[in-house]
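Heads up, input_15.cif below (mmCIF, C-alpha atoms):
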data_query
#
loop_
_atom_site.group_PDB
_atom_site.id
_atom_site.type_symbol
_atom_site.label_atom_id
_atom_site.label_comp_id
_atom_site.auth_asym_id
_atom_site.auth_seq_id
_atom_site.Cartn_x
_atom_site.Cartn_y
_atom_site.Cartn_z
ATOM 1 C CA GLY A 1131 111.193 84.551 179.495
ATOM 2 C CA VAL A 1132 111.525 86.508 182.729
ATOM 3 C CA LYS A 1133 108.216 87.313 184.423
ATOM 4 C CA SER A 1134 109.390 88.263 187.912
ATOM 5 C CA ARG A 1135 110.196 91.971 188.128
ATOM 6 C CA SER A 1136 112.958 91.303 190.650
ATOM 7 C CA ARG A 1137 114.727 88.426 188.863
ATOM 8 C CA ARG A 1138 117.947 89.571 187.249
ATOM 9 C CA PHE A 1139 118.323 89.072 183.507
ATOM 10 C CA LEU A 1140 121.645 90.856 183.022
ATOM 11 C CA ASN A 1141 124.659 91.139 185.277
ATOM 12 C CA LEU A 1142 128.385 91.830 185.406
ATOM 13 C CA GLU A 1143 130.447 90.290 188.176
ATOM 14 C CA ASP A 1144 133.796 91.772 189.226
ATOM 15 C CA ALA A 1145 134.478 92.885 185.637
ATOM 16 C CA TYR A 1146 137.730 94.509 184.475
ATOM 17 C CA TYR A 1147 138.419 95.994 181.056
ATOM 18 C CA THR A 1148 141.624 97.476 179.610
ATOM 19 C CA TYR A 1149 141.803 99.075 176.168
ATOM 20 C CA PRO A 1150 144.659 97.804 173.971
ATOM 21 C CA GLY A 1151 147.783 99.889 174.556
ATOM 22 C CA SER A 1152 146.384 101.464 177.722
ATOM 23 C CA GLY A 1153 148.468 101.623 180.868
ATOM 24 C CA GLY A 1154 145.738 100.271 183.113
ATOM 25 C CA PRO A 1155 142.118 99.139 183.234
ATOM 26 C CA SER A 1156 139.375 101.668 182.492
ATOM 27 C CA VAL A 1157 136.933 99.606 184.549
ATOM 28 C CA ARG A 1158 137.983 97.800 187.733
ATOM 29 C CA GLY A 1159 135.910 95.271 189.661
ATOM 30 C CA ALA A 1160 132.524 96.432 188.347
ATOM 31 C CA THR A 1161 129.454 94.517 189.475
ATOM 32 C CA VAL A 1162 126.077 95.360 187.913
ATOM 33 C CA GLU A 1163 122.685 93.659 188.222
ATOM 34 C CA CYS A 1164 119.595 94.572 186.183
ATOM 35 C CA CYS A 1165 116.005 93.366 186.485
ATOM 36 C CA LEU A 1166 112.657 94.538 185.086
ATOM 37 C CA LYS A 1167 112.437 97.122 187.889
ATOM 38 C CA SER A 1168 115.863 98.609 187.096
ATOM 39 C CA ARG A 1169 116.298 102.178 185.883
ATOM 40 C CA VAL A 1170 120.046 102.797 185.850
ATOM 41 C CA GLY A 1171 122.048 105.953 185.236
ATOM 42 C CA ILE A 1172 125.872 106.015 185.129
ATOM 43 C CA ILE A 1173 127.458 109.198 186.439
ATOM 44 C CA GLY A 1174 131.044 110.319 186.937
ATOM 45 C CA PRO A 1175 133.705 112.755 185.701
ATOM 46 C CA ASN A 1176 135.224 112.639 182.225
ATOM 47 C CA GLY A 1177 137.494 109.628 181.802
ATOM 48 C CA ALA A 1178 135.960 107.724 184.719
ATOM 49 C CA GLY A 1179 134.938 104.815 182.449
ATOM 50 C CA LYS A 1180 131.206 105.481 182.067
ATOM 51 C CA SER A 1181 131.052 104.637 178.366
ATOM 52 C CA THR A 1182 133.271 101.589 178.889
ATOM 53 C CA LEU A 1183 131.010 100.284 181.646
ATOM 54 C CA ALA A 1184 127.951 100.843 179.454
ATOM 55 C CA GLY A 1185 129.686 98.951 176.645
ATOM 56 C CA LEU A 1186 130.308 96.011 178.976
ATOM 57 C CA VAL A 1187 126.665 96.017 180.099
ATOM 58 C CA VAL A 1188 125.174 95.937 176.590
ATOM 59 C CA GLY A 1189 127.772 93.542 175.187
ATOM 60 C CA GLU A 1190 129.652 95.939 172.916
ATOM 61 C CA LEU A 1191 132.756 95.074 174.948
ATOM 62 C CA ALA A 1192 133.728 91.812 176.657
ATOM 63 C CA PRO A 1193 135.430 91.890 180.085
ATOM 64 C CA ASP A 1194 139.100 90.873 180.294
ATOM 65 C CA VAL A 1195 138.489 89.520 183.792
ATOM 66 C CA GLY A 1196 135.185 88.713 185.472
ATOM 67 C CA ALA A 1197 131.885 87.421 184.128
ATOM 68 C CA ALA A 1198 129.056 88.827 182.046
ATOM 69 C CA HIS A 1199 125.654 87.133 181.880
ATOM 70 C CA ARG A 1200 122.618 87.999 179.769
ATOM 71 C CA HIS A 1201 119.386 86.026 179.615
ATOM 72 C CA PRO A 1202 119.225 84.035 176.334
ATOM 73 C CA ASN A 1203 115.989 85.836 175.358
ATOM 74 C CA LEU A 1204 117.280 89.342 176.119
ATOM 75 C CA ARG A 1205 117.225 91.878 173.274
ATOM 76 C CA VAL A 1206 119.278 95.046 173.814
ATOM 77 C CA ALA A 1207 118.386 98.379 172.179
ATOM 78 C CA PHE A 1208 121.662 100.276 171.847
ATOM 79 C CA VAL A 1209 122.253 103.926 170.938
ATOM 80 C CA ALA A 1210 125.933 104.814 170.702
ATOM 81 C CA GLN A 1211 127.291 107.867 172.534
ATOM 82 C CA HIS A 1212 127.995 109.336 169.106
ATOM 83 C CA ALA A 1213 124.551 108.472 167.754
ATOM 84 C CA PHE A 1214 125.366 109.067 164.095
ATOM 85 C CA TYR A 1215 127.763 106.116 164.227
ATOM 86 C CA HIS A 1216 124.736 103.973 163.369
ATOM 87 C CA LEU A 1217 124.087 105.911 160.156
ATOM 88 C CA GLU A 1218 127.590 106.638 158.823
ATOM 89 C CA GLN A 1219 127.528 103.878 156.186
ATOM 90 C CA HIS A 1220 123.959 104.603 155.068
ATOM 91 C CA MET A 1221 123.807 108.298 154.215
ATOM 92 C CA ASP A 1222 122.483 107.529 150.708
ATOM 93 C CA LEU A 1223 119.391 105.819 152.153
ATOM 94 C CA THR A 1224 116.254 107.440 153.490
ATOM 95 C CA GLY A 1225 115.308 106.832 157.103
ATOM 96 C CA THR A 1226 112.630 104.374 156.014
ATOM 97 C CA GLN A 1227 115.051 102.498 153.739
ATOM 98 C CA TYR A 1228 117.565 102.321 156.595
ATOM 99 C CA LEU A 1229 115.064 100.604 158.917
ATOM 100 C CA LEU A 1230 113.909 98.274 156.125
ATOM 101 C CA TRP A 1231 117.552 97.284 155.492
ATOM 102 C CA ARG A 1232 118.516 96.977 159.166
ATOM 103 C CA PHE A 1233 115.639 94.702 160.189
ATOM 104 C CA GLU A 1234 115.246 92.649 157.012
ATOM 105 C CA GLY A 1235 114.609 88.989 157.757
ATOM 106 C CA ASN A 1236 113.488 89.761 161.336
ATOM 107 C CA GLU A 1237 117.091 90.317 162.454
ATOM 108 C CA ASP A 1238 118.804 93.453 163.718
ATOM 109 C CA ARG A 1239 121.878 93.544 161.482
ATOM 110 C CA GLN A 1240 123.679 96.279 163.380
ATOM 111 C CA ALA A 1241 123.038 94.764 166.804
ATOM 112 C CA MET A 1242 124.674 91.540 165.602
ATOM 113 C CA ASP A 1243 127.642 93.480 164.240
ATOM 114 C CA PHE A 1244 128.556 95.430 167.374
ATOM 115 C CA ARG A 1245 128.603 92.442 169.754
ATOM 116 C CA ALA A 1246 132.048 91.765 171.215
ATOM 117 C CA GLU A 1247 133.589 88.322 170.948
ATOM 118 C CA GLU A 1248 133.744 87.010 174.507
ATOM 119 C CA ALA A 1249 136.455 84.709 175.796
ATOM 120 C CA GLU A 1250 135.829 81.036 175.145
ATOM 121 C CA CYS A 1251 136.804 77.991 177.204
ATOM 122 C CA PRO A 1252 140.627 78.147 177.624
ATOM 123 C CA ASP A 1253 140.979 74.348 177.387
ATOM 124 C CA PRO A 1254 138.283 73.189 174.931
ATOM 125 C CA LYS A 1255 137.337 69.544 174.614
ATOM 126 C CA SER A 1256 137.229 67.671 171.303
ATOM 127 C CA TYR A 1257 134.456 65.365 170.159
ATOM 128 C CA ARG A 1258 133.624 63.101 167.248
ATOM 129 C CA LEU A 1259 130.131 62.476 165.954
ATOM 130 C CA LEU A 1260 128.947 58.872 166.214
ATOM 131 C CA PRO A 1261 126.565 57.285 163.670
ATOM 132 C CA SER A 1262 123.873 57.417 166.366
ATOM 133 C CA GLY A 1263 124.153 61.206 166.473
ATOM 134 C CA ARG A 1264 125.757 61.235 169.918
ATOM 135 C CA LEU A 1265 129.106 62.837 170.708
ATOM 136 C CA ALA A 1266 132.143 60.936 171.965
ATOM 137 C CA GLN A 1267 135.165 62.723 173.401
ATOM 138 C CA CYS A 1268 138.403 62.299 171.458
ATOM 139 C CA GLU A 1269 141.949 63.649 171.372
ATOM 140 C CA ARG A 1270 142.482 67.238 170.289
ATOM 141 C CA GLY A 1271 143.450 67.286 166.617
ATOM 142 C CA ALA A 1272 142.515 63.637 166.042
ATOM 143 C CA PRO A 1273 141.671 62.740 162.421
ATOM 144 C CA ASP A 1274 138.083 61.916 163.371
ATOM 145 C CA GLU A 1275 137.516 65.103 165.393
ATOM 146 C CA ASP A 1276 134.362 66.981 164.365
ATOM 147 C CA ARG A 1277 133.984 70.744 164.801
ATOM 148 C CA PRO A 1278 130.778 72.822 164.756
ATOM 149 C CA GLU A 1279 130.423 75.051 161.711
ATOM 150 C CA VAL A 1280 127.319 77.043 162.623
ATOM 151 C CA VAL A 1281 124.293 76.938 164.930
ATOM 152 C CA VAL A 1282 121.064 76.974 162.896
ATOM 153 C CA ASP A 1283 118.305 76.648 165.528
ATOM 154 C CA ARG A 1284 117.502 76.414 169.238
ATOM 155 C CA ARG A 1285 114.883 74.631 171.342
ATOM 156 C CA GLN A 1286 113.870 74.520 175.000
ATOM 157 C CA ARG A 1287 114.340 71.259 176.888
ATOM 158 C CA GLY A 1288 112.347 72.035 180.028
ATOM 159 C CA ARG A 1289 114.485 72.650 183.082
ATOM 160 C CA LEU A 1290 117.522 71.317 181.248
ATOM 161 C CA GLY A 1291 117.801 74.627 179.424
ATOM 162 C CA TYR A 1292 118.381 75.060 175.713
ATOM 163 C CA GLU A 1293 119.672 72.732 173.039
ATOM 164 C CA TYR A 1294 121.157 73.966 169.774
ATOM 165 C CA GLU A 1295 120.986 72.472 166.295
ATOM 166 C CA VAL A 1296 124.545 72.386 164.969
ATOM 167 C CA ARG A 1297 125.811 71.890 161.438
ATOM 168 C CA TRP A 1298 129.260 70.298 161.387
ATOM 169 C CA ARG A 1299 132.209 71.088 159.169
ATOM 170 C CA GLY A 1300 132.406 68.750 156.194
ATOM 171 C CA ILE A 1301 129.311 66.793 157.257
ATOM 172 C CA ASP A 1302 125.926 67.248 155.605
ATOM 173 C CA VAL A 1303 123.916 66.585 158.787
ATOM 174 C CA THR A 1304 122.756 68.532 161.810
ATOM 175 C CA THR A 1305 122.453 67.346 165.413
ATOM 176 C CA TRP A 1306 121.105 68.802 168.648
ATOM 177 C CA ILE A 1307 123.592 69.366 171.477
ATOM 178 C CA SER A 1308 123.430 71.153 174.807
ATOM 179 C CA ARG A 1309 124.692 74.639 175.573
ATOM 180 C CA THR A 1310 127.178 73.067 177.992
ATOM 181 C CA GLN A 1311 128.682 70.922 175.253
ATOM 182 C CA LEU A 1312 129.038 73.922 172.955
ATOM 183 C CA ALA A 1313 130.806 75.795 175.748
ATOM 184 C CA GLU A 1314 133.144 72.848 176.375
ATOM 185 C CA MET A 1315 134.121 72.898 172.686
ATOM 186 C CA GLY A 1316 134.955 76.605 172.828
ATOM 187 C CA CYS A 1317 131.881 77.503 170.769
ATOM 188 C CA LEU A 1318 129.670 79.286 173.312
ATOM 189 C CA GLY A 1319 129.741 82.383 171.092
ATOM 190 C CA MET A 1320 127.768 80.457 168.458
ATOM 191 C CA ALA A 1321 125.037 79.749 171.016
ATOM 192 C CA LYS A 1322 124.924 83.382 172.120
ATOM 193 C CA ARG A 1323 124.572 84.614 168.537
ATOM 194 C CA GLU A 1324 121.649 82.228 168.024
ATOM 195 C CA ASP A 1325 120.104 83.487 171.294
ATOM 196 C CA GLU A 1326 120.326 87.069 170.024
ATOM 197 C CA ARG A 1327 118.953 86.133 166.597
ATOM 198 C CA GLN A 1328 115.911 84.404 168.101
ATOM 199 C CA ALA A 1329 115.272 87.170 170.650
ATOM 200 C CA ALA A 1330 115.252 89.726 167.838
ATOM 201 C CA GLN A 1331 113.142 87.489 165.607
ATOM 202 C CA ARG A 1332 110.409 87.081 168.235
ATOM 203 C CA ALA A 1333 110.213 90.812 168.875
ATOM 204 C CA LEU A 1334 110.423 91.902 165.243
ATOM 205 C CA SER A 1335 107.988 89.333 163.856
ATOM 206 C CA GLU A 1336 105.178 90.946 165.852
ATOM 207 C CA ARG A 1337 105.054 93.985 163.530
ATOM 208 C CA PRO A 1338 105.084 94.137 159.721
ATOM 209 C CA LEU A 1339 108.294 95.462 158.194
ATOM 210 C CA THR A 1340 106.637 97.569 155.510
ATOM 211 C CA THR A 1341 107.077 101.145 154.317
ATOM 212 C CA PRO A 1342 103.725 102.319 155.820
ATOM 213 C CA ALA A 1343 104.533 100.666 159.171
ATOM 214 C CA VAL A 1344 108.014 102.225 159.317
ATOM 215 C CA GLU A 1345 106.649 105.652 158.322
ATOM 216 C CA ALA A 1346 104.023 105.431 161.083
ATOM 217 C CA HIS A 1347 106.718 104.446 163.611
ATOM 218 C CA LEU A 1348 109.027 107.331 162.640
ATOM 219 C CA ALA A 1349 106.062 109.735 162.751
ATOM 220 C CA GLY A 1350 105.953 109.045 166.488
ATOM 221 C CA PHE A 1351 109.406 110.633 166.690
ATOM 222 C CA GLY A 1352 108.360 113.730 164.758
ATOM 223 C CA LEU A 1353 109.451 112.660 161.255
ATOM 224 C CA GLY A 1354 106.801 113.069 158.578
ATOM 225 C CA SER A 1355 106.650 110.876 155.499
ATOM 226 C CA GLU A 1356 108.490 113.548 153.490
ATOM 227 C CA GLU A 1357 111.549 113.444 155.775
ATOM 228 C CA ALA A 1358 111.302 109.698 156.425
ATOM 229 C CA SER A 1359 110.854 108.396 152.879
ATOM 230 C CA HIS A 1360 111.813 111.134 150.427
ATOM 231 C CA ARG A 1361 115.009 112.638 151.851
ATOM 232 C CA ARG A 1362 118.329 110.880 152.166
ATOM 233 C CA LEU A 1363 119.866 110.675 155.627
ATOM 234 C CA GLY A 1364 122.707 112.861 154.374
ATOM 235 C CA ALA A 1365 120.206 115.655 153.656
ATOM 236 C CA LEU A 1366 118.546 115.569 157.090
ATOM 237 C CA SER A 1367 119.463 117.846 159.981
ATOM 238 C CA ASN A 1368 121.335 116.428 162.973
ATOM 239 C CA GLY A 1369 118.135 116.489 164.998
ATOM 240 C CA GLN A 1370 116.233 114.568 162.339
ATOM 241 C CA ARG A 1371 119.004 111.959 162.073
ATOM 242 C CA ALA A 1372 118.916 111.515 165.851
ATOM 243 C CA ARG A 1373 115.195 110.776 165.567
ATOM 244 C CA VAL A 1374 115.909 108.088 162.976
ATOM 245 C CA VAL A 1375 118.466 106.517 165.352
ATOM 246 C CA LEU A 1376 115.960 106.518 168.237
ATOM 247 C CA GLY A 1377 113.266 105.130 165.967
ATOM 248 C CA ALA A 1378 115.545 102.289 164.887
ATOM 249 C CA ALA A 1379 116.540 101.494 168.490
ATOM 250 C CA THR A 1380 112.897 101.136 169.482
ATOM 251 C CA TRP A 1381 111.603 99.252 166.413
#

Turn the structure described in the file into structure tokens.
Amino acid sequence: GVKSRSRRFLNLEDAYYTYPGSGGPSVRGATVECCLKSRVGIIGPNGAGKSTLAGLVVGELAPDVGAAHRHPNLRVAFVAQHAFYHLEQHMDLTGTQYLLWRFEGNEDRQAMDFRAEEAECPDPKSYRLLPSGRLAQCERGAPDEDRPEVVVDRRQRGRLGYEYEVRWRGIDVTTWISRTQLAEMGCLGMAKREDERQAAQRALSERPLTTPAVEAHLAGFGLGSEEASHRRLGALSNGQRARVVLGAATW
């Protein structure tokens, strides 16, 4: 993890973003650095690109040009500008049921869903898996080329960084490969999704995901057990729904 309060754990570097069909970029050359000491507010007139910049920072959007870096153990709590966006598909649930659904299995389902797919390596390398478990480079599209199917785990290898346990398409084995190798194969997104899953799992496993625990958490936002567990989200006031959204973001 990051212990130094001045070490950056999230940054954008010379980032540009253009919405599809737009005549020009909404964000031009943005550079942002965040550390544990950071308290950042984004100000500007309507249409200046504030929401777009925030989306790039939290990972909801991926820059067209430039770089975005987030520490592998970073977990982002995100509240959309239109906060009820988080609840639109769950109006038949109570606030407690919504949190129990969202964080089941020690994962934040909605946080995984809103992540943008970032650009992969433009010229990926191809590898085949040797009987020893090592990778050997081969021609793109070769009959013996092996492609990752999914990343199932991650481990720290000292100063070498992280290694990822990969399951391969059509092969009933898993092997450990470096983050660099995944990036070279155009599969860095798999590593990032595993980073996010483990960051959420560590944070969420520290508290029990039970109805009493969720009710106690929502009570801190002014929702009693009656509103939290016995009224559907569709029957709550806008203010009460906003409290559910804030409670979920801070679970």

What do you get, as a list in words, if you spell out every residue that the PyMOL selection byres ((chain A and resi 1346) around 12) selects here?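 Against this file, the PyMOL selection byres ((chain A and resi 1346) around 12) returns the residues Thr1226, Arg1337, Pro1338, Leu1339, Thr1340, Thr1341, Pro1342, Ala1343, Val1344, Glu1345, His1347, Leu1348, Ala1349, Gly1350, Phe1351, Gly1352, Leu1353, Gly1354, Ser1355, Glu1356, Ala1358, Ser1359, Gly1377 and Trp1381 of chain A.
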
Kindly provide, as AutoDock Vina command-line options, the centre and edge lengths (Å, one decimal) of an axis-aligned box around all atoms of stretch 1168-1174 of chain A given in the file, with 8 Å on each side.
--center_x 123.5 --center_y 104.5 --center_z 186.1 --size_x 31.2 --size_y 27.7 --size_z 18.0

Which residues match the PyMOL selection byres ((chain A and resi 1330) around 12) in the file above, as an MDAnalysis selection string? chainID A and resid 1202:1207 1232:1242 1323:1329 1331:1337 1379:1381

Those residues with C-alpha atoms, as an mmCIF file, in the frame of the given file please?
data_model
loop_
_atom_site.group_PDB
_atom_site.id
_atom_site.type_symbol
_atom_site.label_atom_id
_atom_site.label_comp_id
_atom_site.auth_asym_id
_atom_site.auth_seq_id
_atom_site.Cartn_x
_atom_site.Cartn_y
_atom_site.Cartn_z
ATOM 1 C CA PRO A 1202 119.225 84.035 176.334
ATOM 2 C CA ASN A 1203 115.989 85.836 175.358
ATOM 3 C CA LEU A 1204 117.280 89.342 176.119
ATOM 4 C CA ARG A 1205 117.225 91.878 173.274
ATOM 5 C CA VAL A 1206 119.278 95.046 173.814
ATOM 6 C CA ALA A 1207 118.386 98.379 172.179
ATOM 7 C CA ARG A 1232 118.516 96.977 159.166
ATOM 8 C CA PHE A 1233 115.639 94.702 160.189
ATOM 9 C CA GLU A 1234 115.246 92.649 157.012
ATOM 10 C CA GLY A 1235 114.609 88.989 157.757
ATOM 11 C CA ASN A 1236 113.488 89.761 161.336
ATOM 12 C CA GLU A 1237 117.091 90.317 162.454
ATOM 13 C CA ASP A 1238 118.804 93.453 163.718
ATOM 14 C CA ARG A 1239 121.878 93.544 161.482
ATOM 15 C CA GLN A 1240 123.679 96.279 163.380
ATOM 16 C CA ALA A 1241 123.038 94.764 166.804
ATOM 17 C CA MET A 1242 124.674 91.540 165.602
ATOM 18 C CA ARG A 1323 124.572 84.614 168.537
ATOM 19 C CA GLU A 1324 121.649 82.228 168.024
ATOM 20 C CA ASP A 1325 120.104 83.487 171.294
ATOM 21 C CA GLU A 1326 120.326 87.069 170.024
ATOM 22 C CA ARG A 1327 118.953 86.133 166.597
ATOM 23 C CA GLN A 1328 115.911 84.404 168.101
ATOM 24 C CA ALA A 1329 115.272 87.170 170.650
ATOM 25 C CA GLN A 1331 113.142 87.489 165.607
ATOM 26 C CA ARG A 1332 110.409 87.081 168.235
ATOM 27 C CA ALA A 1333 110.213 90.812 168.875
ATOM 28 C CA LEU A 1334 110.423 91.902 165.243
ATOM 29 C CA SER A 1335 107.988 89.333 163.856
ATOM 30 C CA GLU A 1336 105.178 90.946 165.852
ATOM 31 C CA ARG A 1337 105.054 93.985 163.530
ATOM 32 C CA ALA A 1379 116.540 101.494 168.490
ATOM 33 C CA THR A 1380 112.897 101.136 169.482
ATOM 34 C CA TRP A 1381 111.603 99.252 166.413
#

Which residues, written as JSON, numbers by chain, have at least one atom at most 9 Å from A:Thr1304, with all atoms listed in the file counted and residues fewer than 4 positions away on the same chain left out? {"A": [1263, 1282, 1295, 1296, 1297, 1298]}

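The space separating atom CA of A:Ile1173 from atom CA of A:Pro1150 comes to 24.1 Å.
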
Can you pull out the residues contacting A:Tyr1149? Cut-off 12 Å, using only C-alpha atoms, and skip same-chain residues under 3 positions away; I want them as JSON, numbers by chain. {"A": [1146, 1152, 1153, 1154, 1155, 1156, 1157, 1179, 1182, 1191, 1192, 1193, 1194]}

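Atom to atom, atom CA of A:Gly1159 and atom CA of A:Gly1316 stand 25.2 Å apart.
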
Counting all atoms listed in the file, write as a PyMOL selection string all protein and nucleic acid residues lying at most 7 Å from (116.7, 104.5, 160.4) in the file's frame. chain A and resi 1225-1226+1228-1229+1374-1375+1377-1378

Taking 2 positions as the minimum chain separation for residues in the same chain, which residues sit within 9 Å of A:Glu1314 when counting all atoms listed in the file? Answer as a list in words. Glu1250, Cys1251, Asp1253, Pro1254, Lys1255, Ser1256, Arg1309, Thr1310, Gln1311, Leu1312, Gly1316, Cys1317 and Leu1318 of chain A

Just to confirm, what's the straight-line distance from atom CA of A:Asn1368 to atom CA of A:Val1170 in Å (one decimal)? 26.7 Å

Would you please work out which residue, of A:Ile1307, A:Val1188, A:Leu1217, A:Ala1365, is nearest to A:His1201 when using only C-alpha atoms? A:Val1188

Report as a PyMOL selection string the full result of the PyMOL selection byres ((chain A and resi 1259) around 12) when it is applied to this structure. chain A and resi 1256-1258+1260-1268+1274-1278+1296-1301+1303-1307
